[in-house]
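S.K.: Take a look at model-v1.cif, mmCIF, C-alpha atoms:
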```cif
data_structure
loop_
_atom_site.group_PDB
_atom_site.id
_atom_site.type_symbol
_atom_site.label_atom_id
_atom_site.label_comp_id
_atom_site.auth_asym_id
_atom_site.auth_seq_id
_atom_site.Cartn_x
_atom_site.Cartn_y
_atom_site.Cartn_z
ATOM 1 C CA MET A 7 -60.105 -70.093 5.926
ATOM 2 C CA ARG A 8 -62.949 -68.526 7.902
ATOM 3 C CA THR A 9 -65.223 -70.806 9.871
ATOM 4 C CA ALA A 10 -68.296 -70.343 12.018
ATOM 5 C CA TYR A 11 -66.015 -69.975 15.045
ATOM 6 C CA ASP A 12 -64.283 -66.877 13.759
ATOM 7 C CA ALA A 13 -66.020 -64.330 15.982
ATOM 8 C CA LEU A 14 -65.789 -66.563 19.021
ATOM 9 C CA LEU A 15 -62.028 -67.070 18.682
ATOM 10 C CA SER A 16 -61.258 -63.472 17.753
ATOM 11 C CA GLY A 17 -63.104 -62.305 20.861
ATOM 12 C CA LEU A 18 -60.881 -64.445 23.069
ATOM 13 C CA MET A 19 -57.705 -63.413 21.271
ATOM 14 C CA ARG A 20 -58.443 -59.741 21.964
ATOM 15 C CA MET A 21 -58.066 -60.335 25.700
ATOM 16 C CA ALA A 22 -54.722 -59.341 27.227
ATOM 17 C CA GLY A 23 -52.345 -62.246 27.816
ATOM 18 C CA VAL A 24 -54.217 -64.754 25.656
ATOM 19 C CA ARG A 25 -51.702 -66.363 23.287
ATOM 20 C CA GLY A 26 -53.974 -68.828 21.623
ATOM 21 C CA ALA A 27 -57.603 -69.845 21.260
ATOM 22 C CA LEU A 28 -58.576 -73.146 19.710
ATOM 23 C CA VAL A 29 -61.713 -75.111 18.959
ATOM 24 C CA VAL A 30 -60.719 -78.759 19.270
ATOM 25 C CA ALA A 31 -62.380 -82.070 18.412
ATOM 26 C CA VAL A 32 -61.870 -83.828 21.723
ATOM 27 C CA ARG A 33 -61.936 -87.449 20.585
ATOM 28 C CA ASP A 34 -59.380 -86.786 17.844
ATOM 29 C CA GLY A 35 -57.290 -84.125 19.578
ATOM 30 C CA LEU A 36 -57.292 -82.128 16.347
ATOM 31 C CA VAL A 37 -57.773 -78.407 15.790
ATOM 32 C CA VAL A 38 -61.095 -77.506 14.145
ATOM 33 C CA ASP A 39 -60.251 -73.805 14.088
ATOM 34 C CA GLY A 40 -57.792 -71.670 15.969
ATOM 35 C CA ARG A 41 -55.833 -68.470 16.350
ATOM 36 C CA VAL A 42 -52.388 -68.556 17.943
ATOM 37 C CA HIS A 43 -49.456 -66.230 18.425
ATOM 38 C CA VAL A 44 -46.106 -67.125 16.886
ATOM 39 C CA GLY A 45 -44.390 -69.827 18.931
ATOM 40 C CA VAL A 46 -47.554 -71.574 20.110
ATOM 41 C CA ARG A 47 -47.811 -75.040 18.522
ATOM 42 C CA SER A 48 -51.526 -75.411 18.081
ATOM 43 C CA ASP A 49 -51.354 -79.095 17.036
ATOM 44 C CA ALA A 50 -49.375 -80.016 20.156
ATOM 45 C CA VAL A 51 -51.622 -77.981 22.469
ATOM 46 C CA ALA A 52 -54.747 -79.511 20.945
ATOM 47 C CA ALA A 53 -53.501 -83.109 21.110
ATOM 48 C CA LEU A 54 -52.042 -82.972 24.622
ATOM 49 C CA ALA A 55 -54.690 -80.796 26.251
ATOM 50 C CA ALA A 56 -57.523 -82.836 24.678
ATOM 51 C CA SER A 57 -55.939 -85.989 26.071
ATOM 52 C CA LEU A 58 -55.811 -84.545 29.594
ATOM 53 C CA TYR A 59 -59.326 -83.152 29.223
ATOM 54 C CA ARG A 60 -60.707 -86.545 28.174
ATOM 55 C CA ARG A 61 -59.021 -88.226 31.128
ATOM 56 C CA ALA A 62 -60.242 -85.572 33.559
ATOM 57 C CA CYS A 63 -63.803 -85.968 32.270
ATOM 58 C CA ARG A 64 -63.573 -89.738 32.562
ATOM 59 C CA ALA A 65 -62.131 -89.502 36.073
ATOM 60 C CA THR A 66 -64.819 -87.124 37.280
ATOM 61 C CA GLY A 67 -67.600 -89.058 35.573
ATOM 62 C CA ALA A 68 -68.870 -86.132 33.521
ATOM 63 C CA ARG A 69 -72.089 -87.094 31.801
ATOM 64 C CA GLU A 70 -72.818 -86.824 28.111
ATOM 65 C CA GLY A 71 -74.078 -83.363 27.198
ATOM 66 C CA GLN A 72 -72.892 -81.842 30.471
ATOM 67 C CA SER A 73 -70.597 -78.851 30.127
ATOM 68 C CA ARG A 74 -67.126 -79.431 31.525
ATOM 69 C CA PHE A 75 -64.215 -77.226 32.504
ATOM 70 C CA VAL A 76 -60.548 -78.066 33.098
ATOM 71 C CA GLU A 77 -57.700 -75.717 34.013
ATOM 72 C CA LEU A 78 -54.045 -76.688 33.555
ATOM 73 C CA GLU A 79 -51.558 -74.513 35.379
ATOM 74 C CA ALA A 80 -47.835 -74.366 34.582
ATOM 75 C CA ASP A 81 -44.900 -72.131 35.510
ATOM 76 C CA ARG A 82 -45.261 -69.881 32.497
ATOM 77 C CA GLY A 83 -48.968 -69.897 31.915
ATOM 78 C CA ARG A 84 -52.273 -71.704 31.916
ATOM 79 C CA ILE A 85 -54.521 -73.568 29.551
ATOM 80 C CA LEU A 86 -58.249 -73.317 30.106
ATOM 81 C CA ILE A 87 -60.502 -75.894 28.447
ATOM 82 C CA ALA A 88 -64.277 -75.851 28.388
ATOM 83 C CA GLY A 89 -66.599 -77.908 26.284
ATOM 84 C CA ARG A 90 -69.619 -80.018 25.785
ATOM 85 C CA GLU A 91 -70.096 -83.182 23.742
ATOM 86 C CA ASP A 92 -67.066 -83.697 21.522
ATOM 87 C CA LEU A 93 -66.042 -80.077 21.026
ATOM 88 C CA ALA A 94 -63.910 -78.030 23.402
ATOM 89 C CA LEU A 95 -62.614 -74.518 23.470
ATOM 90 C CA MET A 96 -59.038 -74.004 24.681
ATOM 91 C CA ALA A 97 -57.339 -70.783 25.686
ATOM 92 C CA VAL A 98 -53.559 -70.604 26.090
ATOM 93 C CA MET A 99 -52.675 -67.846 28.542
ATOM 94 C CA GLU A 100 -49.595 -66.096 29.814
ATOM 95 C CA ARG A 101 -49.182 -65.734 33.582
ATOM 96 C CA ARG A 102 -50.016 -62.045 33.417
ATOM 97 C CA ALA A 103 -53.479 -62.656 31.948
ATOM 98 C CA ASN A 104 -56.501 -62.001 34.116
ATOM 99 C CA VAL A 105 -57.602 -65.572 34.873
ATOM 100 C CA GLY A 106 -61.039 -64.605 36.143
ATOM 101 C CA GLN A 107 -61.926 -62.659 33.025
ATOM 102 C CA VAL A 108 -60.556 -65.219 30.596
ATOM 103 C CA ARG A 109 -62.238 -68.082 32.450
ATOM 104 C CA LEU A 110 -65.585 -66.339 32.216
ATOM 105 C CA ALA A 111 -65.063 -65.607 28.529
ATOM 106 C CA VAL A 112 -64.039 -69.207 27.807
ATOM 107 C CA LEU A 113 -67.077 -70.602 29.628
ATOM 108 C CA ARG A 114 -69.460 -68.275 27.816
ATOM 109 C CA ALA A 115 -67.853 -68.985 24.462
ATOM 110 C CA ALA A 116 -67.938 -72.739 25.124
ATOM 111 C CA ASP A 117 -71.680 -72.512 25.710
ATOM 112 C CA ARG A 118 -71.986 -71.155 22.190
ATOM 113 C CA LEU A 119 -69.785 -73.825 20.587
ATOM 114 C CA LEU A 120 -72.524 -76.280 19.752
ATOM 115 C CA THR A 121 -75.073 -73.705 18.677
ATOM 116 C CA THR A 122 -72.459 -72.097 16.423
ATOM 117 C CA TRP A 123 -71.788 -75.492 14.863
ATOM 118 C CA GLN A 124 -75.479 -76.075 14.249
ATOM 119 C CA GLU A 125 -76.128 -72.628 12.766
ATOM 120 C CA MET B 15 -19.562 -94.131 6.879
ATOM 121 C CA ASP B 16 -20.188 -97.294 8.941
ATOM 122 C CA ARG B 17 -23.145 -99.409 7.961
ATOM 123 C CA LEU B 18 -25.132 -101.324 10.545
ATOM 124 C CA SER B 19 -26.315 -104.900 10.217
ATOM 125 C CA LEU B 20 -30.046 -105.684 10.238
ATOM 126 C CA GLN B 21 -29.863 -106.845 13.843
ATOM 127 C CA GLU B 22 -28.072 -103.668 14.883
ATOM 128 C CA ILE B 23 -30.716 -101.656 13.065
ATOM 129 C CA GLN B 24 -33.447 -103.574 14.859
ATOM 130 C CA ARG B 25 -31.786 -102.914 18.210
ATOM 131 C CA ALA B 26 -31.486 -99.197 17.407
ATOM 132 C CA PHE B 27 -35.238 -98.967 16.807
ATOM 133 C CA VAL B 28 -36.391 -100.675 19.997
ATOM 134 C CA GLU B 29 -36.072 -97.734 22.387
ATOM 135 C CA PRO B 30 -37.550 -95.046 20.099
ATOM 136 C CA LEU B 31 -40.512 -97.311 19.367
ATOM 137 C CA GLU B 32 -41.072 -98.140 23.042
ATOM 138 C CA ASP B 33 -41.004 -94.411 23.829
ATOM 139 C CA PHE B 34 -43.471 -93.689 21.042
ATOM 140 C CA VAL B 35 -45.870 -96.352 22.337
ATOM 141 C CA ARG B 36 -45.683 -95.000 25.888
ATOM 142 C CA GLU B 37 -45.931 -91.304 25.022
ATOM 143 C CA ALA B 38 -48.674 -91.603 22.428
ATOM 144 C CA GLY B 39 -50.595 -94.079 24.582
ATOM 145 C CA VAL B 40 -51.090 -96.533 21.715
ATOM 146 C CA ARG B 41 -51.775 -100.240 22.203
ATOM 147 C CA MET B 42 -49.397 -101.629 19.629
ATOM 148 C CA ALA B 43 -46.962 -100.522 16.963
ATOM 149 C CA VAL B 44 -44.804 -102.154 14.341
ATOM 150 C CA LEU B 45 -42.102 -100.661 12.149
ATOM 151 C CA ILE B 46 -41.406 -102.301 8.799
ATOM 152 C CA ASN B 47 -39.358 -101.401 5.753
ATOM 153 C CA ARG B 48 -40.304 -101.583 2.085
ATOM 154 C CA GLY B 49 -38.778 -105.018 1.839
ATOM 155 C CA GLY B 50 -41.182 -106.360 4.465
ATOM 156 C CA GLN B 51 -38.612 -106.696 7.215
ATOM 157 C CA VAL B 52 -40.013 -106.083 10.677
ATOM 158 C CA LEU B 53 -37.560 -103.714 12.327
ATOM 159 C CA ALA B 54 -39.299 -103.277 15.681
ATOM 160 C CA GLN B 55 -42.597 -104.053 17.340
ATOM 161 C CA SER B 56 -44.294 -103.285 20.611
ATOM 162 C CA GLY B 57 -47.503 -104.496 22.183
ATOM 163 C CA PHE B 58 -48.083 -107.590 20.049
ATOM 164 C CA GLU B 59 -48.310 -110.678 22.185
ATOM 165 C CA ARG B 60 -49.093 -113.178 19.458
ATOM 166 C CA LEU B 61 -47.244 -113.751 16.221
ATOM 167 C CA TYR B 62 -50.616 -114.265 14.581
ATOM 168 C CA ASP B 63 -51.716 -110.688 15.422
ATOM 169 C CA LEU B 64 -48.469 -109.158 14.238
ATOM 170 C CA VAL B 65 -48.520 -111.076 10.957
ATOM 171 C CA GLY B 66 -52.145 -110.095 10.417
ATOM 172 C CA VAL B 67 -51.669 -106.398 11.092
ATOM 173 C CA ALA B 68 -48.396 -106.141 9.166
ATOM 174 C CA SER B 69 -49.722 -108.005 6.119
ATOM 175 C CA LEU B 70 -53.019 -106.146 6.021
ATOM 176 C CA ALA B 71 -51.262 -102.830 6.474
ATOM 177 C CA ALA B 72 -48.956 -103.688 3.588
ATOM 178 C CA GLY B 73 -52.056 -104.341 1.497
ATOM 179 C CA ILE B 74 -53.666 -101.065 2.588
ATOM 180 C CA ASN B 75 -50.411 -99.338 1.752
ATOM 181 C CA ALA B 76 -50.298 -100.805 -1.748
ATOM 182 C CA SER B 77 -53.891 -99.862 -2.553
ATOM 183 C CA SER B 78 -53.616 -96.386 -1.058
ATOM 184 C CA ARG B 79 -50.475 -95.838 -3.098
ATOM 185 C CA ALA B 80 -52.384 -96.746 -6.243
ATOM 186 C CA LEU B 81 -55.155 -94.356 -5.198
ATOM 187 C CA ALA B 82 -52.621 -91.601 -4.509
ATOM 188 C CA ARG B 83 -51.178 -92.019 -7.987
ATOM 189 C CA GLN B 84 -54.659 -91.719 -9.475
ATOM 190 C CA LEU B 85 -54.890 -88.381 -7.686
ATOM 191 C CA GLY B 86 -51.485 -87.240 -8.895
ATOM 192 C CA GLU B 87 -49.636 -87.884 -5.641
ATOM 193 C CA ASP B 88 -46.736 -90.273 -5.228
ATOM 194 C CA GLN B 89 -47.973 -91.499 -1.881
ATOM 195 C CA PHE B 90 -50.161 -90.343 1.002
ATOM 196 C CA GLU B 91 -48.051 -89.369 3.990
ATOM 197 C CA HIS B 92 -50.418 -90.815 6.563
ATOM 198 C CA LEU B 93 -53.395 -93.103 6.568
ATOM 199 C CA HIS B 94 -55.921 -93.177 9.357
ATOM 200 C CA HIS B 95 -58.734 -95.677 9.733
ATOM 201 C CA ALA B 96 -61.101 -94.960 12.610
ATOM 202 C CA GLY B 97 -63.323 -97.652 14.047
ATOM 203 C CA GLU B 98 -65.749 -97.457 16.924
ATOM 204 C CA ALA B 99 -63.281 -98.727 19.515
ATOM 205 C CA ARG B 100 -59.955 -99.114 17.712
ATOM 206 C CA GLN B 101 -58.145 -96.931 15.209
ATOM 207 C CA LEU B 102 -55.254 -97.595 12.877
ATOM 208 C CA PHE B 103 -52.578 -95.140 11.809
ATOM 209 C CA LEU B 104 -50.062 -95.815 9.106
ATOM 210 C CA GLY B 105 -47.244 -93.348 8.478
ATOM 211 C CA HIS B 106 -44.318 -93.377 6.049
ATOM 212 C CA PHE B 107 -41.027 -91.638 6.371
ATOM 213 C CA GLU B 108 -37.568 -91.616 4.905
ATOM 214 C CA SER B 109 -34.629 -92.656 7.046
ATOM 215 C CA ALA B 110 -31.036 -93.730 6.656
ATOM 216 C CA ALA B 111 -32.462 -97.256 6.435
ATOM 217 C CA GLY B 112 -34.626 -96.306 3.456
ATOM 218 C CA GLN B 113 -38.357 -95.742 3.487
ATOM 219 C CA LEU B 114 -40.003 -97.072 6.639
ATOM 220 C CA MET B 115 -43.627 -97.544 7.624
ATOM 221 C CA LEU B 116 -44.999 -97.310 11.133
ATOM 222 C CA ILE B 117 -48.298 -99.050 11.767
ATOM 223 C CA THR B 118 -49.987 -98.411 15.065
ATOM 224 C CA VAL B 119 -53.265 -99.389 16.674
ATOM 225 C CA PHE B 120 -54.853 -97.264 19.379
ATOM 226 C CA ASP B 121 -58.092 -96.908 21.305
ATOM 227 C CA GLU B 122 -59.815 -94.264 23.447
ATOM 228 C CA ASN B 123 -56.672 -93.860 25.565
ATOM 229 C CA SER B 124 -55.048 -92.000 22.690
ATOM 230 C CA SER B 125 -56.171 -89.899 19.734
ATOM 231 C CA ILE B 126 -55.126 -89.281 16.170
ATOM 232 C CA GLY B 127 -53.794 -85.879 17.275
ATOM 233 C CA LEU B 128 -51.527 -87.478 19.878
ATOM 234 C CA VAL B 129 -50.379 -90.190 17.489
ATOM 235 C CA ARG B 130 -49.488 -87.644 14.806
ATOM 236 C CA LEU B 131 -47.674 -85.474 17.311
ATOM 237 C CA PHE B 132 -45.510 -88.284 18.686
ATOM 238 C CA PHE B 133 -45.060 -89.831 15.250
ATOM 239 C CA GLU B 134 -43.298 -86.598 14.231
ATOM 240 C CA ALA B 135 -41.011 -86.851 17.252
ATOM 241 C CA PHE B 136 -40.376 -90.540 16.509
ATOM 242 C CA VAL B 137 -39.427 -89.781 12.894
ATOM 243 C CA GLN B 138 -37.032 -87.041 13.962
ATOM 244 C CA ARG B 139 -35.405 -89.419 16.410
ATOM 245 C CA ILE B 140 -35.024 -92.181 13.818
ATOM 246 C CA GLN B 141 -33.597 -89.719 11.317
ATOM 247 C CA ARG B 142 -30.860 -88.818 13.799
ATOM 248 C CA LEU B 143 -29.657 -92.446 13.927
ATOM 249 C CA PRO B 144 -26.404 -93.247 12.087
ATOM 250 C CA SER B 145 -26.291 -94.467 8.512
ATOM 251 C CA MET B 146 -27.969 -97.812 7.971
ATOM 252 C CA ASP B 147 -28.541 -100.229 5.193
ATOM 253 C CA THR B 148 -30.970 -103.093 5.392
ATOM 254 C CA ALA B 149 -30.012 -106.496 4.098
ATOM 255 C CA ARG B 150 -32.442 -106.602 1.182
ATOM 256 C CA ARG B 151 -34.468 -104.040 -0.669
ATOM 257 C CA SER B 152 -36.941 -106.362 -2.333
ATOM 258 C CA VAL B 153 -40.391 -104.949 -2.912
ATOM 259 C CA SER B 154 -42.256 -107.641 -4.821
ATOM 260 C CA PRO B 155 -45.288 -108.971 -2.905
ATOM 261 C CA LYS B 156 -43.776 -112.485 -2.792
ATOM 262 C CA ASP B 157 -40.431 -111.256 -1.443
ATOM 263 C CA PHE B 158 -42.209 -108.928 0.952
ATOM 264 C CA GLU B 159 -44.224 -111.790 2.394
ATOM 265 C CA SER B 160 -41.269 -114.143 2.723
ATOM 266 C CA GLU B 161 -39.093 -111.450 4.317
ATOM 267 C CA LEU B 162 -41.921 -110.559 6.666
ATOM 268 C CA GLU B 163 -42.237 -114.184 7.778
ATOM 269 C CA THR B 164 -38.490 -114.565 8.282
ATOM 270 C CA SER B 165 -38.141 -111.426 10.349
ATOM 271 C CA LEU B 166 -41.244 -112.241 12.389
ATOM 272 C CA ASP B 167 -39.852 -115.692 13.181
ATOM 273 C CA ARG B 168 -36.631 -114.082 14.333
ATOM 274 C CA PHE B 169 -38.544 -111.601 16.476
ATOM 275 C CA PHE B 170 -40.631 -114.166 18.239
ATOM 276 C CA LYS B 171 -37.681 -116.480 18.777
ATOM 277 C CA ASP B 172 -36.034 -113.591 20.603
ATOM 278 C CA LEU B 173 -39.217 -112.945 22.501
ATOM 279 C CA VAL B 174 -39.685 -116.509 23.753
ATOM 280 C CA GLY B 175 -35.976 -117.300 23.867
ATOM 281 C CA GLY B 176 -36.238 -119.991 21.136
#
```
Here is the file; what I need is its structure written in the form of structure tokens.

M.R.:
Amino acid sequence: MRTAYDALLSGLMRMAGVRGALVVAVRDGLVVDGRVHVGVRSDAVAALAASLYRRACRATGAREGQSRFVELEADRGRILIAGREDLALMAVMERRANVGQVRLAVLRAADRLLTTWQE
Amino acid sequence: MDRLSLQEIQRAFVEPLEDFVREAGVRMAVLINRGGQVLAQSGFERLYDLVGVASLAAGINASSRALARQLGEDQFEHLHHAGEARQLFLGHFESAAGQLMLITVFDENSSIGLVRLFFEAFVQRIQRLPSMDTARRSVSPKDFESELETSLDRFFKDLVGG
């Protein structure tokens, strides 16, 4: 099923080392739309990363409407999360991915999340 | 194959349920069978709350089952009711002890995504337990209610050492 986020997610997935890109409803921890490589469990990534993201936002006192960014680093890769309001964009990356480039792309794409939803 | 007694079954469910509650970050959870027997509970401090949630959930289950049949389904796998502050999740699964129902209440410290994720893990863990058979398989509303009361009494006697 194609959604309004198609172009946004496909753009991220074209970047080297990106194994998954997801638009997630933060309060519910559920995938709104996503593209993942085989072996990436999108439901688990969405639920767990949204939980950490919510806690990080609460801990840092992020205000409503403010854009927020969280990076989770592990031995075999990273998850970048950026969002505003109740929608977040997540990118699952391998270690070899260019963090700087993907981070920039995630932040730019996250800025377009709400406007895409309203279009 | 060895069959376990109801009390052994209840003991076998305690740890998986405690783990589910901790991992999913839910406030409370109760596991009941189709006969209304409470097999495990976590987070309920008052008998009154447990009776209320279990009975209401049984009612929700009955009406949702009727609705599912209207739509050509035997039963909905999960039910989720979201409130402003609290949410309720009700999930069914088959096990060696027959069909079981997990009812859980959670707030902003968890999410439906997390609950579903750890519910799957919980079900897999329960399904790996040895063969079980519960004492009674009654499903009439009257039997359900009386079995629910009996098992709740037993639970809270254990809890307060009565």

S.K.: Counting only C-alpha atoms, a student should be able to say which residues of chain A come within 7 Å of chain B; what is the right answer, written as a PyMOL selection string?

M.R.: chain A and resi 33-36+50+53-54+57

S.K.: Can you list what the PyMOL selection byres ((chain A and resi 97) around 7) grabs from this structure, as a PDB file with C-alpha atoms, in the coordinates of the input?

M.R.:
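Here's the written file expr20.pdb:
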```
ATOM      1  CA  VAL A  24     -54.217 -64.754  25.656  1.00  0.00           C
ATOM      2  CA  GLY A  26     -53.974 -68.828  21.623  1.00  0.00           C
ATOM      3  CA  ALA A  27     -57.603 -69.845  21.260  1.00  0.00           C
ATOM      4  CA  LEU A  28     -58.576 -73.146  19.710  1.00  0.00           C
ATOM      5  CA  ILE A  85     -54.521 -73.568  29.551  1.00  0.00           C
ATOM      6  CA  LEU A  86     -58.249 -73.317  30.106  1.00  0.00           C
ATOM      7  CA  ILE A  87     -60.502 -75.894  28.447  1.00  0.00           C
ATOM      8  CA  LEU A  95     -62.614 -74.518  23.470  1.00  0.00           C
ATOM      9  CA  MET A  96     -59.038 -74.004  24.681  1.00  0.00           C
ATOM     10  CA  VAL A  98     -53.559 -70.604  26.090  1.00  0.00           C
ATOM     11  CA  MET A  99     -52.675 -67.846  28.542  1.00  0.00           C
TER      12      MET A  99
END
```

S.K.: For the PyMOL selection byres ((chain B and resi 24-33) around 10), applied here, can you spell out every residue it catches as an MDAnalysis selection string?

M.R.: chainID B and resid 18:23 34:39 42:45 51:57 116 132:133 135:137 139:140 143:144 148 169

S.K.: Residue by residue, what does the PyMOL selection byres ((chain A and resi 94) around 7) grab here? Present the result as a PyMOL selection string.

M.R.: chain A and resi 29-32+87-90+92-93+95-96+116

S.K.: Residues of segment 98-140 of chain B within 12 Å of segment 72-82 of chain B: nearest atom pair and distance (Å, one decimal) for each, counting only C-alpha atoms, sorted by chain and number, as a tab-separated table?

M.R.:
```
residue	atom	partner	partner_atom	distance
B:Leu102	CA	B:Ile74	CA	11.0
B:Phe103	CA	B:Ile74	CA	11.0
B:Leu104	CA	B:Asn75	CA	8.2
B:Gly105	CA	B:Asn75	CA	9.5
B:His106	CA	B:Asn75	CA	9.5
B:Leu114	CA	B:Ala72	CA	11.5
B:Met115	CA	B:Ala72	CA	9.1
B:Leu116	CA	B:Ala72	CA	10.6
B:Ile117	CA	B:Ala72	CA	9.4
```

S.K.: For atom CA of Ala115 of chain A and atom CA of Ala10 of chain A, determine how far apart the two atoms are, in Å to one decimal place.

M.R.: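 Separation between atom CA of Ala115 of chain A and atom CA of Ala10 of chain A: 12.5 Å.
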
S.K.: Measuring atom to atom with all atoms listed in the file, identify which of A:Tyr11, A:Gly23, A:Arg61, A:Thr121 is nearest to Val38 of chain A.

M.R.: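 Smallest separation from Val38 of chain A among the options: A:Tyr11.
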
S.K.: To one decimal place, how far is atom CA of Leu15 of chain A from atom CA of Glu100 of chain A in Å?

M.R.: 16.7 Å

S.K.: Find the distance between atom CA of Arg74 of chain A and atom CA of Asp39 of chain A and write it in Å to one decimal.

M.R.: 19.6 Å

S.K.: Between B:Tyr62, B:Asp88, B:Leu93, B:Glu134, which one has atoms that come closest to Asp49 of chain A, using all atoms listed in the file?

M.R.: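 Looking at the shortest contact to Asp49 of chain A, the residue is B:Glu134.
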
S.K.: When distances are computed from only C-alpha atoms, which of A:Arg102, A:Arg41, A:Arg114, A:Arg84 shows the smallest separation from Ala55 of chain A?

M.R.: A:Arg84

S.K.: Would you please take segment 61-110 of chain A of the structure in the block above and write C-alpha atoms to a file as a compact mmCIF listing (two decimals), in the first residue's frame?

M.R.:
```txt
# COMPACT_ATOMS: atom_id res chain seq x y z
CA ARG A 61 11.45 8.75 27.52
CA ALA A 62 14.31 10.82 26.10
CA CYS A 63 11.89 13.61 25.17
CA ARG A 64 10.31 13.51 28.61
CA ALA A 65 13.72 13.54 30.30
CA THR A 66 14.97 16.48 28.28
CA GLY A 67 11.71 18.39 28.63
CA ALA A 68 11.10 18.76 24.91
CA ARG A 69 8.17 21.06 24.33
CA GLU A 70 5.11 20.31 22.25
CA GLY A 71 5.68 21.12 18.59
CA GLN A 72 9.46 21.29 19.01
CA SER A 73 11.44 19.04 16.70
CA ARG A 74 13.44 16.38 18.52
CA PHE A 75 16.30 14.08 17.62
CA VAL A 76 17.58 10.93 19.33
CA GLU A 77 20.44 8.66 18.26
CA LEU A 78 20.82 5.11 19.60
CA GLU A 79 24.20 3.52 19.03
CA ALA A 80 24.88 -0.22 19.26
CA ASP A 81 27.72 -2.57 18.31
CA ARG A 82 26.32 -3.40 14.91
CA GLY A 83 24.60 -0.21 13.94
CA ARG A 84 22.59 2.84 14.87
CA ILE A 85 19.02 4.00 14.96
CA LEU A 86 18.33 7.65 14.28
CA ILE A 87 14.97 9.08 15.31
CA ALA A 88 13.67 12.54 14.52
CA GLY A 89 10.19 13.87 14.89
CA ARG A 90 7.72 16.46 15.90
CA GLU A 91 4.35 16.11 17.61
CA ASP A 92 3.34 12.45 17.62
CA LEU A 93 5.09 11.32 14.45
CA ALA A 94 8.73 10.27 14.18
CA LEU A 95 10.97 9.11 11.42
CA MET A 96 13.39 6.28 12.22
CA ALA A 97 16.37 5.10 10.22
CA VAL A 98 18.05 1.77 10.98
CA MET A 99 21.68 1.91 9.89
CA GLU A 100 24.61 -0.44 9.56
CA ARG A 101 27.94 0.64 11.06
CA ARG A 102 29.37 1.34 7.62
CA ALA A 103 26.73 3.97 6.81
CA ASN A 104 27.77 7.59 6.65
CA VAL A 105 26.22 8.90 9.88
CA GLY A 106 26.57 12.56 8.97
CA GLN A 107 24.75 12.17 5.67
CA VAL A 108 21.99 9.97 7.04
CA ARG A 109 21.48 12.24 10.05
CA LEU A 110 21.04 15.23 7.79
```
